[in-house]
$ cat start-v1.cif   # mmCIF, N, CA and C atoms
data_work
#
loop_
_atom_site.label_atom_id
_atom_site.label_comp_id
_atom_site.auth_asym_id
_atom_site.auth_seq_id
_atom_site.Cartn_x
_atom_site.Cartn_y
_atom_site.Cartn_z
N MET H 1 28.20 -27.28 19.80
CA MET H 1 27.83 -25.88 19.88
C MET H 1 26.54 -25.66 19.08
N LYS H 2 25.56 -25.03 19.73
CA LYS H 2 24.29 -24.75 19.07
C LYS H 2 24.43 -23.55 18.13
N SER H 3 23.73 -23.64 17.03
CA SER H 3 23.67 -22.48 16.14
C SER H 3 22.67 -21.48 16.73
N PHE H 4 22.75 -20.25 16.28
CA PHE H 4 21.83 -19.23 16.77
C PHE H 4 20.39 -19.61 16.46
N LYS H 5 20.14 -20.10 15.26
CA LYS H 5 18.78 -20.46 14.86
C LYS H 5 18.23 -21.57 15.74
N THR H 6 19.05 -22.55 16.07
CA THR H 6 18.62 -23.65 16.93
C THR H 6 18.32 -23.12 18.33
N HIS H 7 19.19 -22.27 18.82
CA HIS H 7 19.01 -21.67 20.15
C HIS H 7 17.71 -20.83 20.18
N LEU H 8 17.49 -20.02 19.15
CA LEU H 8 16.31 -19.18 19.09
C LEU H 8 15.04 -20.03 19.01
N LYS H 9 15.09 -21.08 18.22
CA LYS H 9 13.93 -21.96 18.08
C LYS H 9 13.53 -22.56 19.43
N THR H 10 14.51 -22.85 20.25
CA THR H 10 14.25 -23.39 21.58
C THR H 10 13.69 -22.30 22.50
N LYS H 11 14.32 -21.14 22.50
CA LYS H 11 13.92 -20.05 23.39
C LYS H 11 12.54 -19.50 23.04
N ILE H 12 12.19 -19.47 21.77
CA ILE H 12 10.94 -18.85 21.32
C ILE H 12 9.72 -19.64 21.80
N LYS H 13 9.93 -20.84 22.26
CA LYS H 13 8.83 -21.64 22.80
C LYS H 13 8.32 -21.08 24.12
N ASN H 14 9.18 -20.31 24.80
CA ASN H 14 8.80 -19.66 26.04
C ASN H 14 8.00 -18.41 25.69
N GLU H 15 6.75 -18.33 26.16
CA GLU H 15 5.85 -17.23 25.77
C GLU H 15 6.37 -15.86 26.18
N LYS H 16 6.96 -15.76 27.37
CA LYS H 16 7.49 -14.47 27.82
C LYS H 16 8.65 -14.02 26.92
N PHE H 17 9.53 -14.95 26.60
CA PHE H 17 10.65 -14.65 25.71
C PHE H 17 10.13 -14.25 24.33
N LYS H 18 9.15 -15.01 23.83
CA LYS H 18 8.59 -14.74 22.50
C LYS H 18 8.00 -13.34 22.44
N GLU H 19 7.28 -12.94 23.49
CA GLU H 19 6.67 -11.62 23.53
C GLU H 19 7.74 -10.52 23.49
N LYS H 20 8.78 -10.65 24.30
CA LYS H 20 9.87 -9.66 24.33
C LYS H 20 10.63 -9.64 23.01
N PHE H 21 10.84 -10.80 22.43
CA PHE H 21 11.53 -10.91 21.15
C PHE H 21 10.75 -10.15 20.08
N GLN H 22 9.44 -10.34 20.05
CA GLN H 22 8.60 -9.67 19.05
C GLN H 22 8.61 -8.15 19.25
N GLU H 23 8.59 -7.70 20.51
CA GLU H 23 8.66 -6.27 20.80
C GLU H 23 9.96 -5.67 20.26
N GLU H 24 11.06 -6.35 20.53
CA GLU H 24 12.37 -5.88 20.06
C GLU H 24 12.44 -5.88 18.54
N LYS H 25 11.85 -6.89 17.94
CA LYS H 25 11.84 -6.99 16.48
C LYS H 25 11.07 -5.81 15.87
N GLU H 26 9.93 -5.46 16.46
CA GLU H 26 9.15 -4.32 15.98
C GLU H 26 9.94 -3.02 16.14
N LEU H 27 10.60 -2.87 17.28
CA LEU H 27 11.40 -1.67 17.53
C LEU H 27 12.53 -1.52 16.52
N ILE H 28 13.21 -2.61 16.23
CA ILE H 28 14.31 -2.58 15.25
C ILE H 28 13.76 -2.26 13.86
N ASN H 29 12.64 -2.85 13.49
CA ASN H 29 12.05 -2.58 12.17
C ASN H 29 11.66 -1.11 12.03
N LEU H 30 11.07 -0.52 13.07
CA LEU H 30 10.74 0.90 13.03
C LEU H 30 12.00 1.75 12.91
N SER H 31 13.03 1.38 13.65
CA SER H 31 14.29 2.12 13.62
C SER H 31 14.91 2.09 12.23
N LEU H 32 14.93 0.93 11.63
CA LEU H 32 15.50 0.80 10.29
C LEU H 32 14.69 1.57 9.26
N GLU H 33 13.38 1.58 9.43
CA GLU H 33 12.53 2.31 8.49
C GLU H 33 12.78 3.81 8.59
N LEU H 34 12.90 4.33 9.82
CA LEU H 34 13.20 5.76 9.99
C LEU H 34 14.56 6.10 9.39
N HIS H 35 15.54 5.24 9.62
CA HIS H 35 16.88 5.45 9.07
C HIS H 35 16.83 5.51 7.55
N ASP H 36 16.14 4.55 6.95
CA ASP H 36 16.04 4.50 5.48
C ASP H 36 15.32 5.73 4.92
N LEU H 37 14.24 6.14 5.58
CA LEU H 37 13.50 7.32 5.11
C LEU H 37 14.34 8.59 5.23
N ARG H 38 15.11 8.70 6.31
CA ARG H 38 16.00 9.85 6.46
C ARG H 38 17.00 9.91 5.32
N GLU H 39 17.61 8.76 5.02
CA GLU H 39 18.60 8.71 3.94
C GLU H 39 17.96 9.00 2.58
N LYS H 40 16.74 8.49 2.34
CA LYS H 40 16.05 8.75 1.06
C LYS H 40 15.78 10.23 0.88
N LYS H 41 15.56 10.94 1.99
CA LYS H 41 15.33 12.39 1.91
C LYS H 41 16.65 13.16 1.84
N GLY H 42 17.77 12.44 1.89
CA GLY H 42 19.07 13.08 1.77
C GLY H 42 19.48 13.89 2.98
N LEU H 43 18.98 13.50 4.15
CA LEU H 43 19.30 14.23 5.38
C LEU H 43 20.33 13.49 6.21
N SER H 44 21.22 14.24 6.82
CA SER H 44 22.13 13.66 7.79
C SER H 44 21.39 13.56 9.13
N GLN H 45 21.96 12.82 10.07
CA GLN H 45 21.35 12.75 11.39
C GLN H 45 21.28 14.14 12.01
N SER H 46 22.32 14.91 11.87
CA SER H 46 22.35 16.26 12.44
C SER H 46 21.26 17.15 11.86
N GLU H 47 21.07 17.06 10.54
CA GLU H 47 20.05 17.88 9.88
C GLU H 47 18.64 17.49 10.36
N LEU H 48 18.37 16.19 10.41
CA LEU H 48 17.06 15.74 10.86
C LEU H 48 16.84 16.08 12.33
N ALA H 49 17.86 15.93 13.13
CA ALA H 49 17.75 16.26 14.55
C ALA H 49 17.35 17.72 14.73
N LYS H 50 17.95 18.62 13.95
CA LYS H 50 17.60 20.04 14.03
C LYS H 50 16.14 20.26 13.63
N LEU H 51 15.72 19.62 12.56
CA LEU H 51 14.33 19.75 12.10
C LEU H 51 13.33 19.23 13.14
N ALA H 52 13.73 18.17 13.85
CA ALA H 52 12.85 17.53 14.83
C ALA H 52 12.96 18.15 16.22
N HIS H 53 13.93 19.05 16.39
CA HIS H 53 14.17 19.67 17.70
C HIS H 53 14.55 18.63 18.76
N VAL H 54 15.41 17.70 18.35
CA VAL H 54 15.99 16.71 19.26
C VAL H 54 17.51 16.75 19.05
N THR H 55 18.24 16.10 19.93
CA THR H 55 19.69 16.07 19.74
C THR H 55 20.06 14.98 18.74
N GLN H 56 21.21 15.12 18.15
CA GLN H 56 21.70 14.10 17.21
C GLN H 56 21.87 12.78 17.96
N GLN H 57 22.26 12.84 19.23
CA GLN H 57 22.42 11.62 20.03
C GLN H 57 21.08 10.91 20.22
N GLN H 58 20.01 11.69 20.45
CA GLN H 58 18.68 11.07 20.59
C GLN H 58 18.27 10.39 19.29
N LEU H 59 18.52 11.04 18.19
CA LEU H 59 18.17 10.47 16.89
C LEU H 59 18.98 9.20 16.62
N SER H 60 20.25 9.24 16.96
CA SER H 60 21.10 8.06 16.78
C SER H 60 20.57 6.88 17.58
N LYS H 61 20.15 7.13 18.80
CA LYS H 61 19.60 6.06 19.63
C LYS H 61 18.34 5.47 19.00
N ILE H 62 17.48 6.34 18.48
CA ILE H 62 16.26 5.86 17.83
C ILE H 62 16.61 4.98 16.63
N GLU H 63 17.55 5.44 15.81
CA GLU H 63 17.93 4.69 14.61
C GLU H 63 18.66 3.40 14.94
N ASN H 64 19.19 3.29 16.15
CA ASN H 64 19.88 2.08 16.58
C ASN H 64 19.00 1.16 17.41
N GLY H 65 17.70 1.48 17.45
CA GLY H 65 16.76 0.59 18.13
C GLY H 65 16.75 0.71 19.63
N ILE H 66 17.33 1.78 20.14
CA ILE H 66 17.32 1.99 21.59
C ILE H 66 16.01 2.69 21.92
N ASN H 67 15.32 2.15 22.90
CA ASN H 67 14.01 2.66 23.27
C ASN H 67 14.05 4.15 23.56
N CYS H 68 13.04 4.87 23.12
CA CYS H 68 12.93 6.30 23.37
C CYS H 68 11.51 6.59 23.82
N ASN H 69 11.28 7.81 24.27
CA ASN H 69 9.90 8.12 24.64
C ASN H 69 9.10 8.45 23.38
N LEU H 70 7.81 8.35 23.50
CA LEU H 70 6.93 8.52 22.35
C LEU H 70 6.98 9.93 21.79
N ALA H 71 7.13 10.93 22.66
CA ALA H 71 7.17 12.32 22.20
C ALA H 71 8.38 12.54 21.28
N THR H 72 9.52 11.99 21.63
CA THR H 72 10.72 12.12 20.80
C THR H 72 10.53 11.41 19.47
N PHE H 73 9.97 10.22 19.52
CA PHE H 73 9.70 9.45 18.30
C PHE H 73 8.78 10.23 17.37
N LEU H 74 7.73 10.83 17.94
CA LEU H 74 6.78 11.60 17.12
C LEU H 74 7.43 12.83 16.51
N LYS H 75 8.30 13.49 17.25
CA LYS H 75 9.01 14.66 16.71
C LYS H 75 9.79 14.27 15.46
N VAL H 76 10.48 13.14 15.53
CA VAL H 76 11.28 12.68 14.39
C VAL H 76 10.36 12.30 13.23
N CYS H 77 9.29 11.59 13.51
CA CYS H 77 8.34 11.22 12.46
C CYS H 77 7.76 12.45 11.78
N HIS H 78 7.37 13.42 12.56
CA HIS H 78 6.77 14.63 11.99
C HIS H 78 7.79 15.40 11.15
N ALA H 79 9.04 15.43 11.60
CA ALA H 79 10.09 16.11 10.83
C ALA H 79 10.33 15.42 9.49
N LEU H 80 10.05 14.12 9.42
CA LEU H 80 10.16 13.37 8.17
C LEU H 80 8.85 13.40 7.39
N ASP H 81 7.89 14.15 7.89
CA ASP H 81 6.56 14.27 7.27
C ASP H 81 5.84 12.93 7.24
N LEU H 82 5.94 12.22 8.36
CA LEU H 82 5.28 10.92 8.50
C LEU H 82 4.08 11.04 9.43
N GLU H 83 3.05 10.31 9.12
CA GLU H 83 1.88 10.23 9.98
C GLU H 83 1.97 8.90 10.74
N VAL H 84 1.75 8.95 12.02
CA VAL H 84 1.81 7.74 12.84
C VAL H 84 0.39 7.30 13.16
N LYS H 85 0.08 6.05 12.85
CA LYS H 85 -1.24 5.50 13.12
C LYS H 85 -1.11 4.25 13.97
N VAL H 86 -2.14 3.98 14.73
CA VAL H 86 -2.20 2.76 15.53
C VAL H 86 -3.30 1.89 14.94
N LYS H 87 -2.97 0.63 14.71
CA LYS H 87 -3.99 -0.27 14.18
C LYS H 87 -3.90 -1.61 14.91
N SER H 88 -5.01 -2.27 14.95
CA SER H 88 -5.09 -3.55 15.63
C SER H 88 -4.34 -4.62 14.84
N ARG H 89 -3.63 -5.47 15.56
CA ARG H 89 -2.94 -6.59 14.91
C ARG H 89 -3.91 -7.73 14.62
N LYS H 90 -5.04 -7.73 15.30
CA LYS H 90 -6.02 -8.78 15.13
C LYS H 90 -7.26 -8.20 14.49
N HIS H 91 -7.87 -8.98 13.64
CA HIS H 91 -9.12 -8.54 13.00
C HIS H 91 -10.23 -8.48 14.04
N ILE H 92 -10.87 -7.35 14.12
CA ILE H 92 -11.98 -7.19 15.05
C ILE H 92 -13.27 -7.27 14.26
N ALA H 93 -14.12 -8.21 14.64
CA ALA H 93 -15.38 -8.44 13.91
C ALA H 93 -16.40 -7.40 14.22
#
$ encode --input "start-v1.cif" --output "structure tokens"
Amino acid sequence: MKSFKTHLKTKIKNEKFKEKFQEEKELINLSLELHDLREKKGLSQSELAKLAHVTQQQLSKIENGINCNLATFLKVCHALDLEVKVKSRKHIA
């Protein structure tokens, strides 16, 4: 029986798989960061959802790494007083 790490090491060699894996990893990291920031501000999901004008179910999906539309994500970020910026992953000369 293969361990997960061994299986992942094999699968990650496939460029398409690697790209999707990295996308999911970024999504999960953003979700966890939003969850942590909400808790640091002492807000429940229901409270933040009201501030962001989204449903508690939508917020739960975001915090669980389920893909959402950008408008919903921005509403939640703004309710947490976060600024969203886009930056290049590669250095541009």
$ closest_residue --input "start-v1.cif" --among "H:Lys11, H:Ser3, H:Gly65, H:Val54" --to "Glu24 (chain H)" --atoms "only N, CA and C atoms"
H:Gly65
$ residues_around --input "start-v1.cif" --residues "Lys75 (chain H)" --least-positions-apart "6" --cutoff "9 Å" --atoms "only C-alpha atoms" --output "JSON, numbers by chain"
{"H": [51, 52, 53, 54]}
$ residues_near_point --input "start-v1.cif" --point "(11.2, 5.2, 17.9)" --cutoff "6.5 Å" --atoms "all atoms listed in the file" --output "list in words"
Leu30, Ser31, Ile62, Asn67, Cys68, Thr72 and Phe73 of chain H
$ write_last_selection --input "start-v1.cif" --atoms "N, CA and C atoms" --output "compact mmCIF listing (two decimals), in the frame of the given file"
# COMPACT_ATOMS: atom_id res chain seq x y z
N LEU H 30 11.07 -0.52 13.07
CA LEU H 30 10.74 0.90 13.03
C LEU H 30 12.00 1.75 12.91
N SER H 31 13.03 1.38 13.65
CA SER H 31 14.29 2.12 13.62
C SER H 31 14.91 2.09 12.23
N ILE H 62 17.48 6.34 18.48
CA ILE H 62 16.26 5.86 17.83
C ILE H 62 16.61 4.98 16.63
N ASN H 67 15.32 2.15 22.90
CA ASN H 67 14.01 2.66 23.27
C ASN H 67 14.05 4.15 23.56
N CYS H 68 13.04 4.87 23.12
CA CYS H 68 12.93 6.30 23.37
C CYS H 68 11.51 6.59 23.82
N THR H 72 9.52 11.99 21.63
CA THR H 72 10.72 12.12 20.80
C THR H 72 10.53 11.41 19.47
N PHE H 73 9.97 10.22 19.52
CA PHE H 73 9.70 9.45 18.30
C PHE H 73 8.78 10.23 17.37
$ residues_near_point --input "start-v1.cif" --point "(9.0, 7.3, 4.7)" --cutoff "7 Å" --atoms "all atoms listed in the file" --output "number ranges by chain"
H: 33-34, 36-38, 80-82
$ resolve_selection --input "start-v1.cif" --expression "the PyMOL selection byres ((chain H and resi 46) around 8)" --output "ChimeraX atom specification"
/H:43-45,47-52,55-57,59-60
$ write_last_selection --input "start-v1.cif" --atoms "N, CA and C atoms" --output "PDB file, in the coordinates of the input"
ATOM      1  N   LEU H  43      18.980  13.500   4.150  1.00  0.00           N
ATOM      2  CA  LEU H  43      19.300  14.230   5.380  1.00  0.00           C
ATOM      3  C   LEU H  43      20.330  13.490   6.210  1.00  0.00           C
ATOM      4  N   SER H  44      21.220  14.240   6.820  1.00  0.00           N
ATOM      5  CA  SER H  44      22.130  13.660   7.790  1.00  0.00           C
ATOM      6  C   SER H  44      21.390  13.560   9.130  1.00  0.00           C
ATOM      7  N   GLN H  45      21.960  12.820  10.070  1.00  0.00           N
ATOM      8  CA  GLN H  45      21.350  12.750  11.390  1.00  0.00           C
ATOM      9  C   GLN H  45      21.280  14.140  12.010  1.00  0.00           C
ATOM     10  N   GLU H  47      21.070  17.060  10.540  1.00  0.00           N
ATOM     11  CA  GLU H  47      20.050  17.880   9.880  1.00  0.00           C
ATOM     12  C   GLU H  47      18.640  17.490  10.360  1.00  0.00           C
ATOM     13  N   LEU H  48      18.370  16.190  10.410  1.00  0.00           N
ATOM     14  CA  LEU H  48      17.060  15.740  10.860  1.00  0.00           C
ATOM     15  C   LEU H  48      16.840  16.080  12.330  1.00  0.00           C
ATOM     16  N   ALA H  49      17.860  15.930  13.130  1.00  0.00           N
ATOM     17  CA  ALA H  49      17.750  16.260  14.550  1.00  0.00           C
ATOM     18  C   ALA H  49      17.350  17.720  14.730  1.00  0.00           C
ATOM     19  N   LYS H  50      17.950  18.620  13.950  1.00  0.00           N
ATOM     20  CA  LYS H  50      17.600  20.040  14.030  1.00  0.00           C
ATOM     21  C   LYS H  50      16.140  20.260  13.630  1.00  0.00           C
ATOM     22  N   LEU H  51      15.720  19.620  12.560  1.00  0.00           N
ATOM     23  CA  LEU H  51      14.330  19.750  12.100  1.00  0.00           C
ATOM     24  C   LEU H  51      13.330  19.230  13.140  1.00  0.00           C
ATOM     25  N   ALA H  52      13.730  18.170  13.850  1.00  0.00           N
ATOM     26  CA  ALA H  52      12.850  17.530  14.830  1.00  0.00           C
ATOM     27  C   ALA H  52      12.960  18.150  16.220  1.00  0.00           C
ATOM     28  N   THR H  55      18.240  16.100  19.930  1.00  0.00           N
ATOM     29  CA  THR H  55      19.690  16.070  19.740  1.00  0.00           C
ATOM     30  C   THR H  55      20.060  14.980  18.740  1.00  0.00           C
ATOM     31  N   GLN H  56      21.210  15.120  18.150  1.00  0.00           N
ATOM     32  CA  GLN H  56      21.700  14.100  17.210  1.00  0.00           C
ATOM     33  C   GLN H  56      21.870  12.780  17.960  1.00  0.00           C
ATOM     34  N   GLN H  57      22.260  12.840  19.230  1.00  0.00           N
ATOM     35  CA  GLN H  57      22.420  11.620  20.030  1.00  0.00           C
ATOM     36  C   GLN H  57      21.080  10.910  20.220  1.00  0.00           C
ATOM     37  N   LEU H  59      18.520  11.040  18.190  1.00  0.00           N
ATOM     38  CA  LEU H  59      18.170  10.470  16.890  1.00  0.00           C
ATOM     39  C   LEU H  59      18.980   9.200  16.620  1.00  0.00           C
ATOM     40  N   SER H  60      20.250   9.240  16.960  1.00  0.00           N
ATOM     41  CA  SER H  60      21.100   8.060  16.780  1.00  0.00           C
ATOM     42  C   SER H  60      20.570   6.880  17.580  1.00  0.00           C
TER      43      SER H  60
END
$ closest_residue --input "start-v1.cif" --among "H:Lys2, H:His35, H:His7, H:Lys87" --to "Lys61 (chain H)" --atoms "only C-alpha atoms"
H:His35
$ atom_distance --input "start-v1.cif" --atom1 "CA of Lys13 (chain H)" --atom2 "atom C of Arg89 (chain H)"
20.6 Å
$ atom_distance --input "start-v1.cif" --atom1 "atom N of Ile66 (chain H)" --atom2 "CA of Lys40 (chain H)"
20.4 Å
$ closest_residue --input "start-v1.cif" --among "H:Lys90, H:Phe21, H:Leu32, H:Glu83" --to "Asn64 (chain H)" --atoms "all atoms listed in the file"
H:Leu32
$ atom_distance --input "start-v1.cif" --atom1 "atom C of Val76 (chain H)" --atom2 "atom C of Ile28 (chain H)"
15.0 Å
$ decode --input "start-v1.cif" --residues "region 6-27 of chain H" --atoms "N, CA, C and O atoms" --output "CSV table (one decimal), in the first residue's frame"
chain,number,residue,atom,x,y,z
H,6,THR,N,4.0,9.3,-1.0
H,6,THR,CA,4.5,8.6,-2.2
H,6,THR,C,3.6,8.7,-3.4
H,6,THR,O,4.1,9.0,-4.5
H,7,HIS,N,2.3,8.6,-3.1
H,7,HIS,CA,1.3,8.7,-4.2
H,7,HIS,C,1.4,10.2,-4.8
H,7,HIS,O,1.4,10.3,-6.0
H,8,LEU,N,1.4,11.2,-3.9
H,8,LEU,CA,1.5,12.6,-4.3
H,8,LEU,C,2.7,12.8,-5.1
H,8,LEU,O,2.7,13.5,-6.1
H,9,LYS,N,3.8,12.3,-4.6
H,9,LYS,CA,5.1,12.5,-5.3
H,9,LYS,C,5.1,12.0,-6.7
H,9,LYS,O,5.6,12.6,-7.7
H,10,THR,N,4.4,10.9,-6.9
H,10,THR,CA,4.2,10.3,-8.3
H,10,THR,C,3.3,11.2,-9.1
H,10,THR,O,3.6,11.5,-10.3
H,11,LYS,N,2.2,11.6,-8.6
H,11,LYS,CA,1.2,12.3,-9.3
H,11,LYS,C,1.6,13.7,-9.7
H,11,LYS,O,1.3,14.2,-10.7
H,12,ILE,N,2.4,14.3,-8.8
H,12,ILE,CA,2.8,15.7,-9.0
H,12,ILE,C,3.8,15.9,-10.2
H,12,ILE,O,4.0,17.0,-10.7
H,13,LYS,N,4.3,14.8,-10.7
H,13,LYS,CA,5.1,14.8,-11.9
H,13,LYS,C,4.3,15.2,-13.1
H,13,LYS,O,4.9,15.7,-14.1
H,14,ASN,N,3.0,14.9,-13.1
H,14,ASN,CA,2.1,15.3,-14.2
H,14,ASN,C,1.8,16.8,-14.1
H,14,ASN,O,1.3,17.2,-13.1
H,15,GLU,N,2.2,17.5,-15.1
H,15,GLU,CA,2.1,19.0,-15.1
H,15,GLU,C,0.6,19.4,-14.9
H,15,GLU,O,0.4,20.4,-14.2
H,16,LYS,N,-0.3,18.8,-15.5
H,16,LYS,CA,-1.7,19.2,-15.4
H,16,LYS,C,-2.2,19.0,-13.9
H,16,LYS,O,-2.9,19.8,-13.3
H,17,PHE,N,-1.8,17.8,-13.4
H,17,PHE,CA,-2.2,17.5,-12.0
H,17,PHE,C,-1.5,18.6,-11.0
H,17,PHE,O,-2.1,19.1,-10.1
H,18,LYS,N,-0.2,18.8,-11.3
H,18,LYS,CA,0.5,19.8,-10.5
H,18,LYS,C,-0.1,21.2,-10.5
H,18,LYS,O,-0.3,21.8,-9.4
H,19,GLU,N,-0.6,21.6,-11.6
H,19,GLU,CA,-1.2,22.9,-11.8
H,19,GLU,C,-2.5,22.9,-10.9
H,19,GLU,O,-2.7,23.9,-10.2
H,20,LYS,N,-3.4,21.9,-11.1
H,20,LYS,CA,-4.6,21.9,-10.3
H,20,LYS,C,-4.4,21.7,-8.8
H,20,LYS,O,-5.1,22.3,-8.0
H,21,PHE,N,-3.4,21.0,-8.5
H,21,PHE,CA,-3.0,20.8,-7.1
H,21,PHE,C,-2.6,22.2,-6.4
H,21,PHE,O,-3.0,22.5,-5.4
H,22,GLN,N,-1.8,22.9,-7.2
H,22,GLN,CA,-1.4,24.2,-6.7
H,22,GLN,C,-2.5,25.2,-6.6
H,22,GLN,O,-2.6,26.0,-5.6
H,23,GLU,N,-3.5,25.2,-7.5
H,23,GLU,CA,-4.7,26.0,-7.4
H,23,GLU,C,-5.5,25.7,-6.2
H,23,GLU,O,-5.9,26.6,-5.5
H,24,GLU,N,-5.7,24.4,-5.9
H,24,GLU,CA,-6.4,24.0,-4.8
H,24,GLU,C,-5.7,24.4,-3.5
H,24,GLU,O,-6.3,24.8,-2.5
H,25,LYS,N,-4.4,24.3,-3.5
H,25,LYS,CA,-3.6,24.6,-2.3
H,25,LYS,C,-3.8,26.1,-2.0
H,25,LYS,O,-3.9,26.5,-0.9
H,26,GLU,N,-3.7,26.9,-3.0
H,26,GLU,CA,-3.9,28.4,-2.9
H,26,GLU,C,-5.3,28.7,-2.3
H,26,GLU,O,-5.5,29.5,-1.4
H,27,LEU,N,-6.3,28.0,-2.9
H,27,LEU,CA,-7.7,28.2,-2.4
H,27,LEU,C,-7.8,27.9,-1.0
H,27,LEU,O,-8.4,28.6,-0.2
